[in-house]
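Undergrad: I'm passing along entry30.csv; it holds CSV, C-alpha atoms and all ligand atoms.
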chain,number,residue,atom,x,y,z
A,1005,MET,CA,4.9,-8.7,29.2
A,1006,LYS,CA,2.1,-11.2,28.6
A,1007,ILE,CA,0.1,-10.2,25.5
A,1008,ALA,CA,-3.0,-11.9,24.2
A,1009,VAL,CA,-4.4,-11.7,20.7
A,1010,MET,CA,-8.1,-11.6,19.9
A,1011,GLY,CA,-8.9,-13.1,16.5
A,1012,CYS,CA,-5.5,-14.8,16.5
A,1013,ALA,CA,-6.3,-16.9,13.4
A,1014,GLY,CA,-7.0,-13.9,11.2
A,1015,ARG,CA,-4.7,-12.2,8.7
A,1016,MET,CA,-3.5,-9.7,11.3
A,1017,GLY,CA,-3.9,-12.2,14.2
A,1018,ARG,CA,-1.2,-14.5,12.8
A,1019,MET,CA,1.1,-11.6,12.2
A,1020,LEU,CA,0.6,-10.4,15.8
A,1021,VAL,CA,1.5,-13.8,17.2
A,1022,GLN,CA,4.7,-13.8,15.1
A,1023,GLU,CA,5.6,-10.3,16.3
A,1024,ILE,CA,5.0,-11.1,20.0
A,1025,HIS,CA,7.2,-14.1,19.6
A,1026,ALA,CA,10.0,-11.9,18.1
A,1027,ALA,CA,9.7,-9.1,20.7
A,1028,ASP,CA,12.2,-9.2,23.6
A,1029,GLY,CA,10.5,-9.7,26.9
A,1030,CYS,CA,7.0,-10.5,25.4
A,1031,THR,CA,5.2,-13.8,25.6
A,1032,LEU,CA,1.9,-14.9,24.1
A,1033,ALA,CA,-0.7,-15.1,26.9
A,1034,GLY,CA,-3.5,-16.6,24.8
A,1035,GLY,CA,-5.6,-16.2,21.7
A,1036,THR,CA,-9.3,-16.3,20.8
A,1037,GLU,CA,-11.5,-17.0,17.9
A,1038,PRO,CA,-15.4,-16.8,17.9
A,1039,ALA,CA,-17.7,-19.7,18.7
A,1040,GLY,CA,-17.9,-22.1,15.8
A,1041,SER,CA,-14.5,-21.2,14.4
A,1042,PRO,CA,-12.6,-24.2,12.9
A,1043,PHE,CA,-9.5,-22.9,14.6
A,1044,LEU,CA,-10.8,-23.4,18.2
A,1045,GLY,CA,-8.4,-25.9,20.0
A,1046,SER,CA,-5.5,-25.3,17.6
A,1047,ASP,CA,-2.2,-23.9,18.8
A,1048,PRO,CA,-2.0,-20.2,17.8
A,1049,ALA,CA,1.8,-20.3,17.4
A,1050,LEU,CA,1.7,-23.3,15.1
A,1051,LEU,CA,-0.9,-21.6,13.0
A,1052,ALA,CA,1.5,-18.6,12.7
A,1053,GLY,CA,4.3,-20.8,11.5
A,1054,LEU,CA,6.1,-20.9,14.9
A,1055,PRO,CA,7.2,-23.7,17.3
A,1056,ALA,CA,4.3,-25.0,19.4
A,1057,SER,CA,3.3,-22.7,22.4
A,1058,GLY,CA,1.3,-25.3,24.3
A,1059,LEU,CA,-1.7,-22.8,24.2
A,1060,SER,CA,-5.0,-23.6,22.6
A,1061,ILE,CA,-7.2,-21.1,20.7
A,1062,THR,CA,-10.3,-20.5,22.8
A,1063,GLU,CA,-13.6,-18.6,22.8
A,1064,ASP,CA,-13.2,-18.1,26.5
A,1065,VAL,CA,-12.4,-14.3,26.3
A,1066,ALA,CA,-12.5,-13.8,30.1
A,1067,ALA,CA,-9.9,-16.5,30.7
A,1068,VAL,CA,-7.6,-14.9,28.1
A,1069,PHE,CA,-8.0,-11.4,29.6
A,1070,ALA,CA,-7.2,-12.9,33.0
A,1071,ALA,CA,-3.9,-14.3,31.7
A,1072,ALA,CA,-2.8,-11.1,29.9
A,1073,ASP,CA,-1.1,-7.8,30.8
A,1074,ALA,CA,-2.3,-6.4,27.5
A,1075,VAL,CA,-4.7,-7.6,24.8
A,1076,ILE,CA,-4.5,-6.8,21.1
A,1077,ASP,CA,-7.7,-6.8,19.1
A,1078,PHE,CA,-7.9,-6.8,15.3
A,1079,THR,CA,-11.3,-8.5,14.9
A,1080,SER,CA,-14.7,-7.0,14.0
A,1081,PRO,CA,-16.5,-3.9,15.4
A,1082,ALA,CA,-19.0,-5.8,17.5
A,1083,ALA,CA,-16.4,-8.0,19.0
A,1084,THR,CA,-14.1,-5.1,19.7
A,1085,VAL,CA,-16.9,-3.3,21.7
A,1086,ALA,CA,-17.4,-6.4,23.8
A,1087,HIS,CA,-13.6,-6.7,24.4
A,1088,ALA,CA,-13.4,-3.0,25.4
A,1089,ARG,CA,-16.1,-3.5,28.0
A,1090,LEU,CA,-14.3,-6.5,29.4
A,1091,ALA,CA,-11.0,-4.5,29.4
A,1092,ALA,CA,-12.8,-1.8,31.5
A,1093,GLU,CA,-14.1,-4.4,33.9
A,1094,THR,CA,-10.8,-6.1,34.4
A,1095,GLY,CA,-8.5,-3.0,34.1
A,1096,THR,CA,-6.5,-4.8,31.3
A,1097,ALA,CA,-4.8,-2.6,28.7
A,1098,LEU,CA,-6.3,-2.9,25.2
A,1099,VAL,CA,-4.8,-2.1,21.8
A,1100,VAL,CA,-7.5,-1.8,19.1
A,1101,GLY,CA,-6.8,-2.0,15.4
A,1102,THR,CA,-10.3,-2.9,14.2
A,1103,THR,CA,-11.8,-0.5,11.7
A,1104,GLY,CA,-15.3,0.1,10.4
A,1105,LEU,CA,-16.7,1.1,13.8
A,1106,SER,CA,-19.9,3.2,13.9
A,1107,ALA,CA,-20.2,6.4,15.9
A,1108,ASP,CA,-22.0,4.4,18.7
A,1109,GLN,CA,-19.4,1.7,18.8
A,1110,THR,CA,-16.6,4.3,19.0
A,1111,ALA,CA,-18.5,6.0,21.8
A,1112,ALA,CA,-18.7,2.7,23.7
A,1113,ILE,CA,-14.9,2.3,23.4
A,1114,THR,CA,-14.3,5.8,24.5
A,1115,ALA,CA,-16.5,5.2,27.6
A,1116,ALA,CA,-14.5,2.0,28.4
A,1117,ALA,CA,-11.3,4.1,28.3
A,1118,ALA,CA,-12.4,5.9,31.4
A,1119,SER,CA,-11.6,2.7,33.3
A,1120,THR,CA,-8.5,1.3,31.5
A,1121,VAL,CA,-5.8,2.2,29.0
A,1122,ILE,CA,-7.1,1.8,25.4
A,1123,MET,CA,-4.9,2.6,22.4
A,1124,MET,CA,-7.0,2.7,19.2
A,1125,ALA,CA,-5.6,3.5,15.8
A,1126,PRO,CA,-6.9,2.7,12.2
A,1127,ASN,CA,-3.3,2.2,11.1
A,1128,MET,CA,-0.4,1.2,13.3
A,1129,SER,CA,2.5,1.8,10.8
A,1130,VAL,CA,5.0,4.5,11.5
A,1131,GLY,CA,4.7,5.7,7.9
A,1132,VAL,CA,0.9,6.3,7.9
A,1133,ASN,CA,1.0,8.1,11.3
A,1134,LEU,CA,3.6,10.4,9.8
A,1135,LEU,CA,1.3,10.9,6.8
A,1136,PHE,CA,-1.5,11.9,9.2
A,1137,ALA,CA,0.7,14.7,10.5
A,1138,LEU,CA,1.8,15.8,7.0
A,1139,THR,CA,-1.7,15.7,5.7
A,1140,GLN,CA,-2.9,18.1,8.4
A,1141,GLN,CA,0.1,20.4,7.8
A,1142,VAL,CA,-0.4,20.5,4.0
A,1143,ALA,CA,-4.2,21.0,4.3
A,1144,ALA,CA,-3.6,23.9,6.6
A,1145,THR,CA,-0.9,25.4,4.3
A,1146,LEU,CA,-2.6,25.1,1.0
A,1147,GLY,CA,-6.1,26.1,1.9
A,1148,ILE,CA,-9.5,25.8,0.1
A,1149,ASP,CA,-8.3,26.3,-3.5
A,1150,TYR,CA,-6.7,22.8,-3.3
A,1151,ASP,CA,-9.4,20.2,-3.6
A,1152,ILE,CA,-8.7,17.2,-1.3
A,1153,GLU,CA,-9.4,13.7,-2.6
A,1154,ILE,CA,-8.3,10.5,-0.8
A,1155,VAL,CA,-7.8,7.3,-2.8
A,1156,GLU,CA,-7.3,3.9,-1.1
A,1157,MET,CA,-6.8,0.4,-2.4
A,1158,HIS,CA,-7.0,-2.8,-0.4
A,1159,HIS,CA,-7.3,-6.6,-0.9
A,1160,ARG,CA,-10.5,-8.2,-2.0
A,1161,HIS,CA,-11.4,-9.5,1.5
A,1162,LYS,CA,-11.7,-6.1,3.2
A,1163,VAL,CA,-15.2,-5.6,4.5
A,1164,ASP,CA,-15.3,-1.8,5.4
A,1165,ALA,CA,-15.1,1.2,3.2
A,1166,PRO,CA,-13.6,3.8,3.1
A,1167,SER,CA,-10.7,2.3,5.1
A,1168,GLY,CA,-10.2,3.4,8.6
A,1169,THR,CA,-6.9,5.0,7.5
A,1170,ALA,CA,-8.6,6.9,4.6
A,1171,LEU,CA,-11.1,8.3,7.1
A,1172,GLY,CA,-8.2,9.1,9.5
A,1173,LEU,CA,-6.4,11.0,6.7
A,1174,GLY,CA,-9.7,12.8,6.0
A,1175,ARG,CA,-10.0,13.8,9.7
A,1176,ALA,CA,-6.4,15.1,9.6
A,1177,ALA,CA,-7.1,17.1,6.5
A,1178,ALA,CA,-10.3,18.5,8.0
A,1179,ARG,CA,-8.4,19.4,11.2
A,1180,GLY,CA,-5.9,21.3,9.1
A,1181,ARG,CA,-8.7,23.3,7.6
A,1182,GLY,CA,-10.5,23.8,10.9
A,1183,VAL,CA,-13.6,21.9,9.9
A,1184,ASP,CA,-15.4,18.7,10.9
A,1185,LEU,CA,-15.0,15.8,8.5
A,1186,ASP,CA,-18.6,14.7,8.8
A,1187,ALA,CA,-19.7,18.1,7.5
A,1188,VAL,CA,-17.6,17.9,4.3
A,1189,LYS,CA,-17.0,14.3,3.4
A,1190,GLU,CA,-18.2,12.8,0.1
A,1191,THR,CA,-17.8,9.1,0.0
A,1192,VAL,CA,-20.2,8.3,-2.9
A,1193,ARG,CA,-20.4,9.8,-6.4
A,1194,ASP,CA,-22.7,8.2,-9.0
A,1195,GLY,CA,-24.7,9.5,-11.9
A,1196,VAL,CA,-25.1,13.2,-12.6
A,1197,THR,CA,-23.4,14.6,-9.6
A,1198,GLY,CA,-23.0,18.3,-10.7
A,1199,PRO,CA,-19.7,20.0,-10.3
A,1200,ARG,CA,-17.5,19.5,-7.3
A,1201,GLU,CA,-18.4,21.6,-4.3
A,1202,ALA,CA,-15.5,23.7,-2.9
A,1203,GLY,CA,-14.4,22.5,0.5
A,1204,LYS,CA,-15.6,18.9,0.2
A,1205,ILE,CA,-13.2,16.1,1.0
A,1206,GLY,CA,-13.8,13.2,-1.4
A,1207,PHE,CA,-13.0,9.5,-1.0
A,1208,ALA,CA,-12.5,6.8,-3.6
A,1209,THR,CA,-12.3,3.1,-2.7
A,1210,LEU,CA,-10.6,0.4,-4.8
A,1211,ARG,CA,-10.7,-3.3,-3.8
A,1212,GLY,CA,-8.8,-6.2,-5.5
A,1213,GLY,CA,-6.2,-8.9,-5.2
A,1214,ASP,CA,-3.9,-9.1,-2.3
A,1215,VAL,CA,-3.1,-5.3,-1.9
A,1216,VAL,CA,-2.1,-4.8,1.8
A,1217,GLY,CA,-3.0,-1.1,1.9
A,1218,ASP,CA,-2.3,1.9,-0.4
A,1219,HIS,CA,-3.4,5.4,0.5
A,1220,THR,CA,-3.0,8.7,-1.4
A,1221,VAL,CA,-4.1,12.2,-0.4
A,1222,ILE,CA,-4.4,14.4,-3.4
A,1223,PHE,CA,-4.5,18.2,-3.2
A,1224,ALA,CA,-5.6,19.4,-6.7
A,1225,ALA,CA,-5.6,23.0,-7.7
A,1226,ASP,CA,-5.6,24.9,-11.1
A,1227,GLY,CA,-2.2,24.2,-12.6
A,1228,GLU,CA,-0.7,21.9,-10.0
A,1229,ARG,CA,-1.3,18.9,-7.8
A,1230,VAL,CA,0.4,17.7,-4.6
A,1231,GLU,CA,0.1,14.0,-3.7
A,1232,LEU,CA,1.0,12.3,-0.4
A,1233,THR,CA,1.2,8.5,-0.7
A,1234,HIS,CA,1.9,5.6,1.6
A,1235,LYS,CA,2.0,1.9,0.4
A,1236,ALA,CA,2.1,-1.0,2.9
A,1237,SER,CA,3.6,-4.1,1.3
A,1238,ASN,CA,3.7,-6.3,4.4
A,1239,ARG,CA,1.2,-6.5,7.3
A,1240,GLY,CA,4.2,-6.9,9.6
A,1241,VAL,CA,4.4,-3.1,9.9
A,1242,PHE,CA,0.9,-3.0,11.5
A,1243,ALA,CA,1.8,-5.9,13.8
A,1244,LYS,CA,5.0,-4.3,14.9
A,1245,GLY,CA,3.2,-1.0,15.7
A,1246,ALA,CA,0.5,-2.9,17.7
A,1247,VAL,CA,3.1,-4.7,19.8
A,1248,ARG,CA,5.0,-1.5,20.3
A,1249,ALA,CA,1.7,0.1,21.5
A,1250,ALA,CA,1.0,-2.8,23.8
A,1251,ARG,CA,4.4,-2.4,25.5
A,1252,TRP,CA,3.8,1.4,25.7
A,1253,THR,CA,0.5,0.9,27.7
A,1254,ASP,CA,2.5,-0.5,30.6
A,1255,GLY,CA,2.1,1.9,33.6
A,1256,ARG,CA,-0.1,4.5,31.7
A,1257,SER,CA,-3.2,6.0,33.3
A,1258,PRO,CA,-6.6,5.1,32.0
A,1259,GLY,CA,-7.6,7.0,28.8
A,1260,LEU,CA,-8.0,6.7,25.1
A,1261,TYR,CA,-4.7,7.0,23.3
A,1262,SER,CA,-3.7,7.0,19.6
A,1263,MET,CA,-0.7,5.7,17.7
A,1264,MET,CA,0.4,9.3,17.5
A,1265,ASP,CA,0.7,9.3,21.3
A,1266,VAL,CA,2.8,6.1,21.1
A,1267,LEU,CA,5.1,7.5,18.5
A,1268,GLY,CA,5.3,10.9,20.2
A,1269,LEU,CA,3.9,12.7,17.1
A,1270,ASN,CA,1.1,14.4,19.0
A,1301,LIG,N1,-5.1,-0.6,12.6
A,1301,LIG,C1,-4.3,-1.2,11.7
A,1301,LIG,O1,-3.1,-1.0,11.6
A,1301,LIG,C2,-4.9,-2.3,10.8
A,1301,LIG,C3,-6.3,-2.6,11.0
A,1301,LIG,N2,-6.8,-3.7,10.4
A,1301,LIG,C4,-8.2,-4.0,10.7
A,1301,LIG,O2,-8.2,-5.2,11.5
A,1301,LIG,C5,-9.4,-5.9,11.3
A,1301,LIG,C6,-9.1,-7.3,11.0
A,1301,LIG,O3,-8.4,-7.4,9.8
A,1301,LIG,P1,-7.9,-8.8,9.2
A,1301,LIG,O4,-7.0,-9.4,10.1
A,1301,LIG,O5,-7.5,-8.5,7.8
A,1301,LIG,O6,-9.3,-9.6,9.2
A,1301,LIG,P2,-9.6,-11.2,9.3
A,1301,LIG,O7,-11.0,-11.4,9.0
A,1301,LIG,O8,-8.5,-12.0,8.6
A,1301,LIG,O9,-9.3,-11.5,10.9
A,1301,LIG,C7,-10.3,-11.2,11.9
A,1301,LIG,C8,-10.3,-12.3,12.8
A,1301,LIG,O10,-11.1,-12.0,14.0
A,1301,LIG,C9,-11.9,-13.1,14.3
A,1301,LIG,N3,-13.1,-12.7,15.1
A,1301,LIG,C10,-14.2,-12.1,14.7
A,1301,LIG,N4,-15.0,-12.0,15.8
A,1301,LIG,C11,-14.4,-12.4,16.8
A,1301,LIG,C12,-14.7,-12.6,18.2
A,1301,LIG,N5,-15.9,-12.2,18.7
A,1301,LIG,N6,-13.7,-13.1,19.0
A,1301,LIG,C13,-12.5,-13.5,18.5
A,1301,LIG,N7,-12.2,-13.4,17.2
A,1301,LIG,C14,-13.1,-12.9,16.4
A,1301,LIG,C15,-12.3,-13.6,12.9
A,1301,LIG,O11,-12.9,-14.9,12.9
A,1301,LIG,P3,-13.9,-15.3,11.8
A,1301,LIG,O12,-13.2,-15.2,10.5
A,1301,LIG,O13,-14.3,-16.7,12.2
A,1301,LIG,O14,-15.1,-14.4,11.9
A,1301,LIG,C16,-10.9,-13.6,12.2
A,1301,LIG,O15,-10.2,-14.7,12.5
A,1301,LIG,C17,-10.2,-5.1,10.2
A,1301,LIG,O16,-11.1,-4.3,10.8
A,1301,LIG,C18,-9.1,-4.3,9.5
A,1301,LIG,O17,-9.6,-3.2,8.9
A,1301,LIG,C19,-6.1,-4.5,9.5
A,1301,LIG,C20,-4.8,-4.2,9.3
A,1301,LIG,C21,-4.1,-3.1,9.9
A,1302,LIG,O1,-8.2,-4.3,6.3
A,1302,LIG,C1,-7.0,-4.1,6.1
A,1302,LIG,O2,-6.3,-4.9,5.6
A,1302,LIG,C2,-6.4,-2.8,6.6
A,1302,LIG,N1,-7.2,-2.0,7.3
A,1302,LIG,C3,-6.8,-0.8,7.9
A,1302,LIG,C4,-7.7,0.3,7.4
A,1302,LIG,O3,-9.0,0.1,7.3
A,1302,LIG,O4,-7.3,1.4,7.2
A,1302,LIG,C5,-5.4,-0.5,7.8
A,1302,LIG,C6,-4.6,-1.1,6.7
A,1302,LIG,O5,-4.7,-0.2,5.6
A,1302,LIG,C7,-5.0,-2.5,6.3
Could you write out this structure as structure tokens?
TA:
Amino acid sequence: MKIAVMGCAGRMGRMLVQEIHAADGCTLAGGTEPAGSPFLGSDPALLAGLPASGLSITEDVAAVFAAADAVIDFTSPAATVAHARLAAETGTALVVGTTGLSADQTAAITAAAASTVIMMAPNMSVGVNLLFALTQQVAATLGIDYDIEIVEMHHRHKVDAPSGTALGLGRAAARGRGVDLDAVKETVRDGVTGPREAGKIGFATLRGGDVVGDHTVIFAADGERVELTHKASNRGVFAKGAVRAARWTDGRSPGLYSMMDVLGLN
């Protein structure tokens, strides 16, 4: 399978190039970076610490799509929307890991999935997707007396907050309670906030150093507390999941899928 990587010089992009190289039956079809990037013209494999591939990083997205069976995209929300539109036009499968998308941007990707296979997930690790399922189950079991708070920590370079994974955990908890996350989420507390309102789902965001990704869902009641935690210590887990998802798209019907579909957890 020929797999291309959008944003192939990024933190995730380089891991993805390594993972494609290591995967049986997969070859790198090409890699992109935006106009003005100092990496244009470099070999994406060399940049990822691998033997030369003979490919050059390009801003010609259309050419890279044409060379690929599937495209993996961990870039920025605006770029991902443009890539989803191109995937719809060309019928190329797309795996989206980008987070921080607005409701409109998510709707644009959903619309593109009417014409091609798109797998989109805020976290591609097996562990976090299991945590999504567990969070929904625990939220449904414990009920409203257990206040739900979600704490996440990431490296100092991360640009969106709360993380896509934290929001995904919030959606799973809200689903377990049979409510809509947008109606109950509390992402900012500052000053005299008054007591905590029952039923809210709170988020706390920490940023610093080189933390790959830590997430904890806390269920706090009078007298006890349940905590579900996942800690990623290597971006390889996300890259492995993304390449697994790219292979999984082969032969699927158009539609919007999640990592839960890929892992059979749905
Ligand atoms: N779903 C998951 O499992 C995971 C998701 N993520 C998400 O993936 C995204 C990327 O994270 P990370 O790798 O750390 O970020 P980086 O900033 O390291 O990488 C993003 C790369 O994409 C490039 N890029 C931006 N716009 C375009 C474009 N139009 N065309 C081609 N390339 C482009 C950037 O170039 P430049 O720097 O020049 O702008 C950069 O090289 C984030 O949204 C993050 O939250 C991260 C890890 C796991
Ligand atoms: O930006 C990151 O690094 C990560 N982003 C994803 C998110 O927003 O949840 C996934 C992972 O935690 C790393």
Undergrad: Out of A:Cys1030, A:Ala1177, A:Met1263, A:Ala1013, which residue has the shortest atom-to-atom distance to ligand LIG 1301 (chain A) when counting only C-alpha atoms and all ligand atoms?
TA: A:Ala1013
Undergrad: Taking all atoms listed in the file into account, which residues are within 7 Å of ligand LIG 1302 (chain A), as a PDB file with C-alpha atoms, in the coordinates of the input?
TA:
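out36.pdb written:
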ATOM      1  CA  THR A1103     -11.800  -0.500  11.700  1.00  0.00           C
ATOM      2  CA  PRO A1126      -6.900   2.700  12.200  1.00  0.00           C
ATOM      3  CA  ASN A1127      -3.300   2.200  11.100  1.00  0.00           C
ATOM      4  CA  HIS A1158      -7.000  -2.800  -0.400  1.00  0.00           C
ATOM      5  CA  HIS A1159      -7.300  -6.600  -0.900  1.00  0.00           C
ATOM      6  CA  LYS A1162     -11.700  -6.100   3.200  1.00  0.00           C
ATOM      7  CA  ASP A1164     -15.300  -1.800   5.400  1.00  0.00           C
ATOM      8  CA  SER A1167     -10.700   2.300   5.100  1.00  0.00           C
ATOM      9  CA  GLY A1168     -10.200   3.400   8.600  1.00  0.00           C
ATOM     10  CA  THR A1169      -6.900   5.000   7.500  1.00  0.00           C
ATOM     11  CA  ALA A1170      -8.600   6.900   4.600  1.00  0.00           C
ATOM     12  CA  VAL A1216      -2.100  -4.800   1.800  1.00  0.00           C
ATOM     13  CA  GLY A1217      -3.000  -1.100   1.900  1.00  0.00           C
ATOM     14  CA  ASP A1218      -2.300   1.900  -0.400  1.00  0.00           C
TER      15      ASP A1218
END
Undergrad: Quick one: residues within 6 Å of ligand LIG 1301 (chain A), with all atoms listed in the file, as a PDB file with C-alpha atoms, in the frame of the given file?
TA:
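So part30.pdb came out as:
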ATOM      1  CA  MET A1010      -8.100 -11.600  19.900  1.00  0.00           C
ATOM      2  CA  GLY A1011      -8.900 -13.100  16.500  1.00  0.00           C
ATOM      3  CA  ALA A1013      -6.300 -16.900  13.400  1.00  0.00           C
ATOM      4  CA  GLY A1014      -7.000 -13.900  11.200  1.00  0.00           C
ATOM      5  CA  ARG A1015      -4.700 -12.200   8.700  1.00  0.00           C
ATOM      6  CA  MET A1016      -3.500  -9.700  11.300  1.00  0.00           C
ATOM      7  CA  GLY A1017      -3.900 -12.200  14.200  1.00  0.00           C
ATOM      8  CA  THR A1036      -9.300 -16.300  20.800  1.00  0.00           C
ATOM      9  CA  GLU A1037     -11.500 -17.000  17.900  1.00  0.00           C
ATOM     10  CA  PRO A1038     -15.400 -16.800  17.900  1.00  0.00           C
ATOM     11  CA  SER A1041     -14.500 -21.200  14.400  1.00  0.00           C
ATOM     12  CA  PHE A1078      -7.900  -6.800  15.300  1.00  0.00           C
ATOM     13  CA  THR A1079     -11.300  -8.500  14.900  1.00  0.00           C
ATOM     14  CA  SER A1080     -14.700  -7.000  14.000  1.00  0.00           C
ATOM     15  CA  ALA A1083     -16.400  -8.000  19.000  1.00  0.00           C
ATOM     16  CA  GLY A1101      -6.800  -2.000  15.400  1.00  0.00           C
ATOM     17  CA  THR A1102     -10.300  -2.900  14.200  1.00  0.00           C
ATOM     18  CA  THR A1103     -11.800  -0.500  11.700  1.00  0.00           C
ATOM     19  CA  ALA A1125      -5.600   3.500  15.800  1.00  0.00           C
ATOM     20  CA  PRO A1126      -6.900   2.700  12.200  1.00  0.00           C
ATOM     21  CA  ASN A1127      -3.300   2.200  11.100  1.00  0.00           C
ATOM     22  CA  MET A1128      -0.400   1.200  13.300  1.00  0.00           C
ATOM     23  CA  PHE A1242       0.900  -3.000  11.500  1.00  0.00           C
TER      24      PHE A1242
END
Undergrad: Work out how far CA of Thr1031 in chain A is from CA of Ala1246 in chain A, in Å to one decimal.
TA: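 Between CA of Ala1246 in chain A and CA of Thr1031 in chain A the gap works out to 14.3 Å.
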Undergrad: I want to know what sits within 8 Å of Ala1091 in chain A, based on all atoms listed in the file, with residues of the same chain fewer than 4 positions away left out; could you give that as a PyMOL selection string?
TA: chain A and resi 1069+1087+1095-1098+1116+1120
Undergrad: Deliver the residues from the most recent selection as a file, using C-alpha atoms, as a compact mmCIF listing (two decimals), in the frame of the given file.
TA:
# COMPACT_ATOMS: atom_id res chain seq x y z
CA PHE A 1069 -8.00 -11.40 29.60
CA HIS A 1087 -13.60 -6.70 24.40
CA GLY A 1095 -8.50 -3.00 34.10
CA THR A 1096 -6.50 -4.80 31.30
CA ALA A 1097 -4.80 -2.60 28.70
CA LEU A 1098 -6.30 -2.90 25.20
CA ALA A 1116 -14.50 2.00 28.40
CA THR A 1120 -8.50 1.30 31.50
Undergrad: Using only C-alpha atoms, which of the listed residues (A:Ala1049, A:Ala1107, A:Val1163, A:Ala1074) sits closest to Leu1210 in chain A?
TA: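 Counting only C-alpha atoms, the residue closest to Leu1210 in chain A is A:Val1163.
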Undergrad: Give as a PDB file with C-alpha atoms, in the coordinates of the input each residue that has an atom at most 12 Å from (-4.5, 12.3, 21.9) in the file, counting only C-alpha atoms.
TA:
ATOM      1  CA  ILE A1122      -7.100   1.800  25.400  1.00  0.00           C
ATOM      2  CA  MET A1123      -4.900   2.600  22.400  1.00  0.00           C
ATOM      3  CA  MET A1124      -7.000   2.700  19.200  1.00  0.00           C
ATOM      4  CA  ALA A1125      -5.600   3.500  15.800  1.00  0.00           C
ATOM      5  CA  GLY A1259      -7.600   7.000  28.800  1.00  0.00           C
ATOM      6  CA  LEU A1260      -8.000   6.700  25.100  1.00  0.00           C
ATOM      7  CA  TYR A1261      -4.700   7.000  23.300  1.00  0.00           C
ATOM      8  CA  SER A1262      -3.700   7.000  19.600  1.00  0.00           C
ATOM      9  CA  MET A1263      -0.700   5.700  17.700  1.00  0.00           C
ATOM     10  CA  MET A1264       0.400   9.300  17.500  1.00  0.00           C
ATOM     11  CA  ASP A1265       0.700   9.300  21.300  1.00  0.00           C
ATOM     12  CA  VAL A1266       2.800   6.100  21.100  1.00  0.00           C
ATOM     13  CA  LEU A1267       5.100   7.500  18.500  1.00  0.00           C
ATOM     14  CA  GLY A1268       5.300  10.900  20.200  1.00  0.00           C
ATOM     15  CA  LEU A1269       3.900  12.700  17.100  1.00  0.00           C
ATOM     16  CA  ASN A1270       1.100  14.400  19.000  1.00  0.00           C
TER      17      ASN A1270
END
